[in-house]
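Single-structure report; data block below.
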Amino acid sequence: MGTISVHPNVQSEAMFDTLISADTLHRKLGAPNWCVIDCRASLADLDFGLSAYRAGHIAGAVFADLARDLSGPIVAGVTGRHPLPHPNVLATSFGRWGIDADTQVVAYDAGNGAFAARAWWLLRWLGHAAAAILDGGLTAWASAGYPLRAGVEQRPATHFPDRPSLTRTVDAHDILERGASMDLIDARAEPRFRGEVEPIDPIAGHIPGARCVPFEGNVRRDDRFKDPAELAARFALPAGKTVGEQVCYCGSGVTACHSIVAMRIAGLPEPALYAGSFSEWIQNPYRRVER
């Protein structure tokens, strides 16, 4: 896989596989083997992302819609709010955006990387290692004084190759069967985890046995990721606890990807993703919920 970047202060010019700084991306703009993806989205306004992209985006960037491109069809009573897209459909999208085996991909959103992390994880899911998140997103880009471009852009289509996955998933059955041996990490805010409020899903609470590590705590006030040591401390197992594997989840499988990239920045083993997450878990009334 070549030289790996684990933090923006220690970056390899060969490949970026976690984070990239605004300054470095600006120097690379226009390089033929680089693809920039705008992942801005709002759960409250499905049209926000495309409207924001059209109003102004990083030059050369293509737009990825959270619901249409980075998620699959919702099946009522079965799936969560953002099920994984079919791998073949996703590979076609990547190819349409001009991503092939040698392309360095950089995903960004409005700030902390919550939506860009979903694109980053999906690329790894289909075996593409050269995928990074713009650290600080458009907040960092604007702070550096770099311009935006209005309109819609496309890149020449190419073939996205079929390769082994670089990450792992678990499903609800796995959790029901092996949950006691897992470290289930819930990326949602603590009030939602505790079941005190639930602004999106019809049932409040969390998967039994999980612990809460809100994804917002992965970044500093400027939306850039914290240092590796700080991130490692956030995800450290409670004293005396041993587990078979670590699994990240959230409300719908989006912000859990933020926790996964944070753990990789920290130098920790990459956890699995429960992609269906809490919104899928509660579709079956026989799956218990804790509050």
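Every chain in the structure tokens takes a letter, A first, then B, and so on in the order presented; its residues are numbered from 1, and the ligands are numbered from 1 following the presented order.
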Can I get the residues of region 137-250 of chain A within 9 Å of region 47-62 of chain A, each with the closest pair of atoms and their distance in Å to one decimal, using only C-alpha atoms, sorted chain first then ascending number, as CSV?
```
residue,atom,partner,partner_atom,distance
A:Leu138,CA,A:Ile58,CA,8.4
A:Trp141,CA,A:Ile58,CA,8.6
A:Tyr146,CA,A:Ile58,CA,8.5
A:Pro147,CA,A:Ile58,CA,7.2
A:Leu148,CA,A:His57,CA,4.9
A:Arg149,CA,A:Gly56,CA,4.9
A:Ala150,CA,A:Gly56,CA,4.3
A:Gly151,CA,A:Arg54,CA,4.6
A:Val152,CA,A:Arg54,CA,5.9
A:Glu153,CA,A:Val62,CA,5.8
A:Gln154,CA,A:Val62,CA,6.0
A:Arg155,CA,A:Val62,CA,7.5
```
Could you give me, as a short mmCIF file (atom, residue, chain, number, x, y, z; two decimals) with N, CA and C atoms, in the first residue's frame, the residues within 8 Å of region 95-110 of chain A, counting only C-alpha atoms and dropping anything in the same chain fewer than 2 positions from it?
```cif
data_model
loop_
_atom_site.label_atom_id
_atom_site.label_comp_id
_atom_site.auth_asym_id
_atom_site.auth_seq_id
_atom_site.Cartn_x
_atom_site.Cartn_y
_atom_site.Cartn_z
N MET A 15 0.83 8.93 -1.00
CA MET A 15 -0.57 8.60 -0.84
C MET A 15 -1.09 9.18 0.46
N PHE A 16 -2.32 9.66 0.43
CA PHE A 16 -2.99 10.14 1.63
C PHE A 16 -4.16 9.21 1.89
N ILE A 20 -5.79 15.16 4.82
CA ILE A 20 -4.93 16.01 4.01
C ILE A 20 -5.24 17.45 4.38
N ASN A 33 -4.45 12.85 -11.74
CA ASN A 33 -4.80 11.63 -11.00
C ASN A 33 -5.36 11.93 -9.61
N TRP A 34 -5.90 13.16 -9.43
CA TRP A 34 -6.54 13.54 -8.18
C TRP A 34 -8.01 13.84 -8.43
N CYS A 35 -8.85 13.36 -7.53
CA CYS A 35 -10.30 13.61 -7.61
C CYS A 35 -10.77 14.18 -6.28
N VAL A 36 -11.46 15.30 -6.32
CA VAL A 36 -12.01 15.94 -5.13
C VAL A 36 -13.52 15.76 -5.14
N ILE A 37 -14.07 15.33 -4.01
CA ILE A 37 -15.51 15.07 -3.92
C ILE A 37 -16.12 15.95 -2.84
N ASP A 38 -17.13 16.72 -3.23
CA ASP A 38 -17.89 17.56 -2.31
C ASP A 38 -19.01 16.71 -1.71
N CYS A 39 -18.99 16.52 -0.39
CA CYS A 39 -19.95 15.65 0.29
C CYS A 39 -20.89 16.43 1.21
N ARG A 40 -21.03 17.70 1.00
CA ARG A 40 -21.87 18.48 1.92
C ARG A 40 -23.32 17.97 1.91
N ALA A 41 -23.90 17.96 3.09
CA ALA A 41 -25.26 17.43 3.23
C ALA A 41 -25.88 17.98 4.50
N VAL A 62 -16.30 17.17 -7.85
CA VAL A 62 -17.60 16.62 -8.24
C VAL A 62 -18.46 16.53 -6.99
N ALA A 91 -19.55 1.32 -7.33
CA ALA A 91 -18.38 1.30 -8.21
C ALA A 91 -18.65 2.08 -9.49
N THR A 92 -19.87 1.99 -10.00
CA THR A 92 -20.24 2.77 -11.19
C THR A 92 -20.17 4.26 -10.90
N SER A 93 -20.62 4.67 -9.74
CA SER A 93 -20.55 6.08 -9.36
C SER A 93 -19.10 6.54 -9.27
N ASN A 112 -16.50 19.51 9.82
CA ASN A 112 -15.81 18.52 10.65
C ASN A 112 -15.61 17.15 10.02
N GLY A 113 -16.07 16.94 8.81
CA GLY A 113 -15.81 15.67 8.12
C GLY A 113 -16.87 14.61 8.35
N ALA A 114 -17.99 14.95 8.97
CA ALA A 114 -19.01 13.95 9.28
C ALA A 114 -19.54 13.25 8.05
N PHE A 115 -19.74 13.99 6.96
CA PHE A 115 -20.25 13.39 5.73
C PHE A 115 -19.12 12.94 4.81
N ALA A 116 -18.01 13.65 4.81
CA ALA A 116 -16.86 13.23 4.02
C ALA A 116 -16.35 11.87 4.47
N ALA A 117 -16.47 11.58 5.76
CA ALA A 117 -16.02 10.30 6.28
C ALA A 117 -16.80 9.14 5.69
N ALA A 119 -17.94 8.94 2.55
CA ALA A 119 -17.32 8.67 1.25
C ALA A 119 -15.97 7.99 1.43
N TRP A 120 -15.18 8.47 2.39
CA TRP A 120 -13.88 7.86 2.69
C TRP A 120 -14.04 6.38 3.01
N HIS A 128 -10.28 0.83 -2.10
CA HIS A 128 -9.47 1.97 -2.56
C HIS A 128 -8.79 2.62 -1.36
N ALA A 130 -6.23 4.98 -1.38
CA ALA A 130 -5.82 6.38 -1.55
C ALA A 130 -7.02 7.31 -1.44
N ALA A 131 -7.60 7.38 -0.25
CA ALA A 131 -8.75 8.24 0.00
C ALA A 131 -8.49 8.99 1.30
N ALA A 132 -8.68 10.30 1.27
CA ALA A 132 -8.42 11.13 2.44
C ALA A 132 -9.55 12.14 2.62
N ILE A 133 -9.63 12.67 3.83
CA ILE A 133 -10.59 13.71 4.18
C ILE A 133 -9.86 15.04 4.30
N LEU A 134 -10.43 16.09 3.75
CA LEU A 134 -9.85 17.42 3.91
C LEU A 134 -10.03 17.84 5.37
N ASP A 135 -8.94 17.94 6.09
CA ASP A 135 -8.99 18.22 7.52
C ASP A 135 -9.51 19.65 7.74
N GLY A 137 -12.34 20.65 6.50
CA GLY A 137 -13.33 20.90 5.45
C GLY A 137 -13.24 22.29 4.85
N LEU A 138 -14.39 22.79 4.40
CA LEU A 138 -14.40 24.10 3.77
C LEU A 138 -14.10 25.22 4.76
N THR A 139 -14.27 24.96 6.05
CA THR A 139 -13.88 25.95 7.06
C THR A 139 -12.39 26.22 6.96
N GLN A 154 -17.81 18.02 -14.03
CA GLN A 154 -17.70 16.58 -14.24
C GLN A 154 -16.26 16.24 -14.60
N ARG A 155 -15.89 15.00 -14.33
CA ARG A 155 -14.58 14.49 -14.71
C ARG A 155 -14.76 13.39 -15.75
N PRO A 156 -13.76 13.15 -16.59
CA PRO A 156 -13.89 12.05 -17.56
C PRO A 156 -14.11 10.72 -16.84
N ALA A 157 -15.11 9.99 -17.29
CA ALA A 157 -15.42 8.70 -16.66
C ALA A 157 -14.31 7.69 -16.91
N THR A 158 -14.18 6.76 -16.00
CA THR A 158 -13.17 5.72 -16.11
C THR A 158 -13.72 4.43 -15.51
N HIS A 159 -12.86 3.44 -15.36
CA HIS A 159 -13.28 2.17 -14.77
C HIS A 159 -12.76 2.06 -13.35
N PHE A 160 -13.67 1.87 -12.41
CA PHE A 160 -13.27 1.64 -11.03
C PHE A 160 -13.10 0.14 -10.83
N PRO A 161 -11.90 -0.31 -10.46
CA PRO A 161 -11.62 -1.75 -10.45
C PRO A 161 -12.26 -2.48 -9.26
#
```
**Q.** Which of region 2-244 of chain A fall in strand (DSSP E), as number ranges by chain
**A.** A: 19-20, 34-38, 62-63, 104-108, 131-134, 169-170, 182-186, 211-212
Convert the current residue selection to file output with N, CA and C atoms, as a PDB file, in the first residue's frame.
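This is the output file again36.pdb:
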```
ATOM      1  N   LEU A  19      -6.048  11.879   6.314  1.00  0.00           N
ATOM      2  CA  LEU A  19      -6.296  13.315   6.252  1.00  0.00           C
ATOM      3  C   LEU A  19      -5.341  13.997   5.286  1.00  0.00           C
ATOM      4  N   ILE A  20      -5.787  15.156   4.815  1.00  0.00           N
ATOM      5  CA  ILE A  20      -4.930  16.015   4.007  1.00  0.00           C
ATOM      6  C   ILE A  20      -5.242  17.455   4.382  1.00  0.00           C
ATOM      7  N   TRP A  34      -5.903  13.158  -9.435  1.00  0.00           N
ATOM      8  CA  TRP A  34      -6.537  13.537  -8.183  1.00  0.00           C
ATOM      9  C   TRP A  34      -8.012  13.841  -8.426  1.00  0.00           C
ATOM     10  N   CYS A  35      -8.852  13.356  -7.531  1.00  0.00           N
ATOM     11  CA  CYS A  35     -10.296  13.613  -7.608  1.00  0.00           C
ATOM     12  C   CYS A  35     -10.768  14.176  -6.275  1.00  0.00           C
ATOM     13  N   VAL A  36     -11.457  15.300  -6.323  1.00  0.00           N
ATOM     14  CA  VAL A  36     -12.006  15.935  -5.130  1.00  0.00           C
ATOM     15  C   VAL A  36     -13.521  15.760  -5.145  1.00  0.00           C
ATOM     16  N   ILE A  37     -14.074  15.332  -4.009  1.00  0.00           N
ATOM     17  CA  ILE A  37     -15.512  15.066  -3.919  1.00  0.00           C
ATOM     18  C   ILE A  37     -16.120  15.953  -2.840  1.00  0.00           C
ATOM     19  N   ASP A  38     -17.126  16.719  -3.228  1.00  0.00           N
ATOM     20  CA  ASP A  38     -17.886  17.559  -2.308  1.00  0.00           C
ATOM     21  C   ASP A  38     -19.008  16.713  -1.713  1.00  0.00           C
ATOM     22  N   VAL A  62     -16.303  17.170  -7.851  1.00  0.00           N
ATOM     23  CA  VAL A  62     -17.600  16.624  -8.245  1.00  0.00           C
ATOM     24  C   VAL A  62     -18.459  16.533  -6.985  1.00  0.00           C
ATOM     25  N   PHE A  63     -19.759  16.367  -7.165  1.00  0.00           N
ATOM     26  CA  PHE A  63     -20.663  16.336  -6.016  1.00  0.00           C
ATOM     27  C   PHE A  63     -21.185  14.931  -5.782  1.00  0.00           C
ATOM     28  N   GLN A 104      -5.909   9.514  -6.465  1.00  0.00           N
ATOM     29  CA  GLN A 104      -5.955   9.997  -5.084  1.00  0.00           C
ATOM     30  C   GLN A 104      -7.261  10.756  -4.913  1.00  0.00           C
ATOM     31  N   VAL A 105      -8.080  10.305  -3.974  1.00  0.00           N
ATOM     32  CA  VAL A 105      -9.376  10.934  -3.734  1.00  0.00           C
ATOM     33  C   VAL A 105      -9.309  11.756  -2.455  1.00  0.00           C
ATOM     34  N   VAL A 106      -9.907  12.937  -2.504  1.00  0.00           N
ATOM     35  CA  VAL A 106     -10.045  13.783  -1.316  1.00  0.00           C
ATOM     36  C   VAL A 106     -11.514  14.151  -1.176  1.00  0.00           C
ATOM     37  N   ALA A 107     -12.105  13.813  -0.050  1.00  0.00           N
ATOM     38  CA  ALA A 107     -13.502  14.138   0.226  1.00  0.00           C
ATOM     39  C   ALA A 107     -13.566  15.263   1.248  1.00  0.00           C
ATOM     40  N   TYR A 108     -14.536  16.142   1.076  1.00  0.00           N
ATOM     41  CA  TYR A 108     -14.697  17.228   2.047  1.00  0.00           C
ATOM     42  C   TYR A 108     -16.176  17.525   2.240  1.00  0.00           C
ATOM     43  N   ALA A 131      -7.597   7.377  -0.253  1.00  0.00           N
ATOM     44  CA  ALA A 131      -8.747   8.236   0.004  1.00  0.00           C
ATOM     45  C   ALA A 131      -8.490   8.986   1.296  1.00  0.00           C
ATOM     46  N   ALA A 132      -8.680  10.299   1.270  1.00  0.00           N
ATOM     47  CA  ALA A 132      -8.423  11.134   2.437  1.00  0.00           C
ATOM     48  C   ALA A 132      -9.548  12.140   2.621  1.00  0.00           C
ATOM     49  N   ILE A 133      -9.626  12.672   3.832  1.00  0.00           N
ATOM     50  CA  ILE A 133     -10.593  13.706   4.182  1.00  0.00           C
ATOM     51  C   ILE A 133      -9.857  15.035   4.303  1.00  0.00           C
ATOM     52  N   LEU A 134     -10.431  16.087   3.750  1.00  0.00           N
ATOM     53  CA  LEU A 134      -9.853  17.417   3.913  1.00  0.00           C
ATOM     54  C   LEU A 134     -10.027  17.835   5.370  1.00  0.00           C
ATOM     55  N   THR A 169     -17.463  -5.024   8.028  1.00  0.00           N
ATOM     56  CA  THR A 169     -18.800  -4.697   8.518  1.00  0.00           C
ATOM     57  C   THR A 169     -19.315  -5.834   9.395  1.00  0.00           C
ATOM     58  N   VAL A 170     -20.263  -5.493  10.249  1.00  0.00           N
ATOM     59  CA  VAL A 170     -21.047  -6.491  10.963  1.00  0.00           C
ATOM     60  C   VAL A 170     -22.512  -6.139  10.748  1.00  0.00           C
ATOM     61  N   MET A 182     -18.079  -7.821  21.984  1.00  0.00           N
ATOM     62  CA  MET A 182     -17.747  -6.649  21.187  1.00  0.00           C
ATOM     63  C   MET A 182     -17.642  -5.406  22.059  1.00  0.00           C
ATOM     64  N   ASP A 183     -16.851  -4.468  21.589  1.00  0.00           N
ATOM     65  CA  ASP A 183     -16.842  -3.113  22.145  1.00  0.00           C
ATOM     66  C   ASP A 183     -17.659  -2.267  21.179  1.00  0.00           C
ATOM     67  N   LEU A 184     -18.935  -2.075  21.492  1.00  0.00           N
ATOM     68  CA  LEU A 184     -19.841  -1.312  20.627  1.00  0.00           C
ATOM     69  C   LEU A 184     -19.700   0.168  20.947  1.00  0.00           C
ATOM     70  N   ILE A 185     -19.281   0.953  19.961  1.00  0.00           N
ATOM     71  CA  ILE A 185     -19.012   2.374  20.153  1.00  0.00           C
ATOM     72  C   ILE A 185     -20.077   3.177  19.411  1.00  0.00           C
ATOM     73  N   ASP A 186     -20.908   3.891  20.162  1.00  0.00           N
ATOM     74  CA  ASP A 186     -21.997   4.696  19.613  1.00  0.00           C
ATOM     75  C   ASP A 186     -21.490   6.114  19.401  1.00  0.00           C
ATOM     76  N   ARG A 211     -21.177   1.722  24.457  1.00  0.00           N
ATOM     77  CA  ARG A 211     -20.711   2.899  25.187  1.00  0.00           C
ATOM     78  C   ARG A 211     -20.711   4.085  24.235  1.00  0.00           C
ATOM     79  N   CYS A 212     -20.849   5.265  24.784  1.00  0.00           N
ATOM     80  CA  CYS A 212     -21.007   6.475  23.972  1.00  0.00           C
ATOM     81  C   CYS A 212     -19.689   7.223  23.843  1.00  0.00           C
TER      82      CYS A 212
END
```
Q: Determine which residues of region 34-102 of chain A DSSP labels as alpha helix (DSSP H) from the backbone of this structure, then write them out as a list in words.
A: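 Written out, the alpha helix (DSSP H) residues of region 34-102 of chain A are Phe48, Gly49, Leu50, Ser51, Ala52, Tyr53, Arg54, Ala55, Pro87, Asn88, Val89, Leu90, Ala91, Thr92, Ser93, Phe94, Gly95 and Arg96 of chain A.
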**Q.** Shell around Ala129 (chain A) at 8 Å using only C-alpha atoms, local window under 4 positions removed, as a ChimeraX atom specification
**A.** /A:1,17,123-124,166
Q. Which neighbours of Ala256 (chain A) fall inside 10 Å, counting only C-alpha atoms, when residues of the same chain fewer than 2 positions from it are skipped, and could you give them as an MDAnalysis selection string?
A. chainID A and resid 114 117:118 121 185:188 213:215 247:254 258:262 272:275 277
May I have the selected residues written with N, CA and C atoms, as a PDB file, in the first residue's frame?
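The resulting file, again.pdb, is shown below:
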```pdb
ATOM      1  N   ALA A 114     -17.991  14.948   8.967  1.00  0.00           N
ATOM      2  CA  ALA A 114     -19.012  13.952   9.285  1.00  0.00           C
ATOM      3  C   ALA A 114     -19.541  13.246   8.046  1.00  0.00           C
ATOM      4  N   ALA A 117     -16.471  11.584   5.761  1.00  0.00           N
ATOM      5  CA  ALA A 117     -16.015  10.295   6.276  1.00  0.00           C
ATOM      6  C   ALA A 117     -16.802   9.139   5.691  1.00  0.00           C
ATOM      7  N   ARG A 118     -18.065   9.380   5.360  1.00  0.00           N
ATOM      8  CA  ARG A 118     -18.873   8.313   4.732  1.00  0.00           C
ATOM      9  C   ARG A 118     -18.280   7.947   3.375  1.00  0.00           C
ATOM     10  N   TRP A 121     -15.008   6.057   3.889  1.00  0.00           N
ATOM     11  CA  TRP A 121     -15.194   4.664   4.287  1.00  0.00           C
ATOM     12  C   TRP A 121     -15.692   3.817   3.114  1.00  0.00           C
ATOM     13  N   ILE A 185     -19.281   0.953  19.961  1.00  0.00           N
ATOM     14  CA  ILE A 185     -19.012   2.374  20.153  1.00  0.00           C
ATOM     15  C   ILE A 185     -20.077   3.177  19.411  1.00  0.00           C
ATOM     16  N   ASP A 186     -20.908   3.891  20.162  1.00  0.00           N
ATOM     17  CA  ASP A 186     -21.997   4.696  19.613  1.00  0.00           C
ATOM     18  C   ASP A 186     -21.490   6.114  19.401  1.00  0.00           C
ATOM     19  N   ALA A 187     -21.585   6.610  18.161  1.00  0.00           N
ATOM     20  CA  ALA A 187     -21.023   7.919  17.823  1.00  0.00           C
ATOM     21  C   ALA A 187     -21.988   9.072  18.046  1.00  0.00           C
ATOM     22  N   ARG A 188     -23.215   8.797  18.476  1.00  0.00           N
ATOM     23  CA  ARG A 188     -24.197   9.862  18.649  1.00  0.00           C
ATOM     24  C   ARG A 188     -23.931  10.660  19.935  1.00  0.00           C
ATOM     25  N   VAL A 213     -19.255   7.422  22.596  1.00  0.00           N
ATOM     26  CA  VAL A 213     -18.085   8.252  22.291  1.00  0.00           C
ATOM     27  C   VAL A 213     -18.510   9.181  21.155  1.00  0.00           C
ATOM     28  N   PRO A 214     -19.120  10.327  21.467  1.00  0.00           N
ATOM     29  CA  PRO A 214     -19.686  11.208  20.428  1.00  0.00           C
ATOM     30  C   PRO A 214     -18.640  11.632  19.397  1.00  0.00           C
ATOM     31  N   PHE A 215     -19.005  11.539  18.122  1.00  0.00           N
ATOM     32  CA  PHE A 215     -18.028  11.819  17.066  1.00  0.00           C
ATOM     33  C   PHE A 215     -17.572  13.270  17.080  1.00  0.00           C
ATOM     34  N   VAL A 247     -16.599  -2.265  17.272  1.00  0.00           N
ATOM     35  CA  VAL A 247     -17.600  -1.987  16.241  1.00  0.00           C
ATOM     36  C   VAL A 247     -18.148  -0.588  16.459  1.00  0.00           C
ATOM     37  N   CYS A 248     -18.160   0.215  15.411  1.00  0.00           N
ATOM     38  CA  CYS A 248     -18.719   1.567  15.479  1.00  0.00           C
ATOM     39  C   CYS A 248     -20.106   1.597  14.850  1.00  0.00           C
ATOM     40  N   TYR A 249     -21.001   2.346  15.484  1.00  0.00           N
ATOM     41  CA  TYR A 249     -22.322   2.583  14.899  1.00  0.00           C
ATOM     42  C   TYR A 249     -22.795   3.962  15.323  1.00  0.00           C
ATOM     43  N   CYS A 250     -23.883   4.412  14.739  1.00  0.00           N
ATOM     44  CA  CYS A 250     -24.458   5.713  15.070  1.00  0.00           C
ATOM     45  C   CYS A 250     -25.952   5.631  14.832  1.00  0.00           C
ATOM     46  N   GLY A 251     -26.551   6.692  14.292  1.00  0.00           N
ATOM     47  CA  GLY A 251     -27.972   6.633  13.996  1.00  0.00           C
ATOM     48  C   GLY A 251     -28.275   5.899  12.712  1.00  0.00           C
ATOM     49  N   SER A 252     -27.458   6.146  11.685  1.00  0.00           N
ATOM     50  CA  SER A 252     -27.747   5.539  10.379  1.00  0.00           C
ATOM     51  C   SER A 252     -26.512   5.049   9.648  1.00  0.00           C
ATOM     52  N   GLY A 253     -25.354   5.010  10.306  1.00  0.00           N
ATOM     53  CA  GLY A 253     -24.152   4.497   9.666  1.00  0.00           C
ATOM     54  C   GLY A 253     -23.312   5.537   8.969  1.00  0.00           C
ATOM     55  N   VAL A 254     -23.572   6.819   9.213  1.00  0.00           N
ATOM     56  CA  VAL A 254     -22.807   7.888   8.569  1.00  0.00           C
ATOM     57  C   VAL A 254     -21.714   8.408   9.505  1.00  0.00           C
ATOM     58  N   HIS A 258     -16.876   8.519  10.882  1.00  0.00           N
ATOM     59  CA  HIS A 258     -15.999   9.544  11.444  1.00  0.00           C
ATOM     60  C   HIS A 258     -15.178   8.954  12.585  1.00  0.00           C
ATOM     61  N   SER A 259     -15.820   8.113  13.403  1.00  0.00           N
ATOM     62  CA  SER A 259     -15.098   7.460  14.493  1.00  0.00           C
ATOM     63  C   SER A 259     -14.065   6.473  13.956  1.00  0.00           C
ATOM     64  N   ILE A 260     -14.394   5.816  12.847  1.00  0.00           N
ATOM     65  CA  ILE A 260     -13.461   4.850  12.267  1.00  0.00           C
ATOM     66  C   ILE A 260     -12.198   5.558  11.764  1.00  0.00           C
ATOM     67  N   VAL A 261     -12.367   6.667  11.062  1.00  0.00           N
ATOM     68  CA  VAL A 261     -11.175   7.380  10.590  1.00  0.00           C
ATOM     69  C   VAL A 261     -10.397   7.944  11.772  1.00  0.00           C
ATOM     70  N   ALA A 262     -11.091   8.385  12.819  1.00  0.00           N
ATOM     71  CA  ALA A 262     -10.397   8.897  14.001  1.00  0.00           C
ATOM     72  C   ALA A 262      -9.543   7.812  14.648  1.00  0.00           C
ATOM     73  N   ALA A 272     -14.824  -2.474  12.940  1.00  0.00           N
ATOM     74  CA  ALA A 272     -15.868  -2.775  11.965  1.00  0.00           C
ATOM     75  C   ALA A 272     -16.962  -1.721  12.050  1.00  0.00           C
ATOM     76  N   LEU A 273     -17.765  -1.627  11.014  1.00  0.00           N
ATOM     77  CA  LEU A 273     -18.912  -0.722  10.973  1.00  0.00           C
ATOM     78  C   LEU A 273     -20.201  -1.527  11.001  1.00  0.00           C
ATOM     79  N   TYR A 274     -21.093  -1.191  11.925  1.00  0.00           N
ATOM     80  CA  TYR A 274     -22.470  -1.689  11.827  1.00  0.00           C
ATOM     81  C   TYR A 274     -23.214  -0.669  10.992  1.00  0.00           C
ATOM     82  N   ALA A 275     -23.279  -0.923   9.699  1.00  0.00           N
ATOM     83  CA  ALA A 275     -23.763   0.072   8.747  1.00  0.00           C
ATOM     84  C   ALA A 275     -25.230   0.422   8.960  1.00  0.00           C
ATOM     85  N   SER A 277     -26.832   0.480  11.775  1.00  0.00           N
ATOM     86  CA  SER A 277     -26.826   1.290  12.979  1.00  0.00           C
ATOM     87  C   SER A 277     -28.180   1.298  13.691  1.00  0.00           C
TER      88      SER A 277
END
```
Q: Have a look at A:Lys28, A:Arg220, A:Arg178, A:His82 and name the one nearest to Leu43 (chain A); count only C-alpha atoms.
A: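 Comparing A:Lys28, A:Arg220, A:Arg178, A:His82 against Leu43 (chain A), the winner is A:His82.
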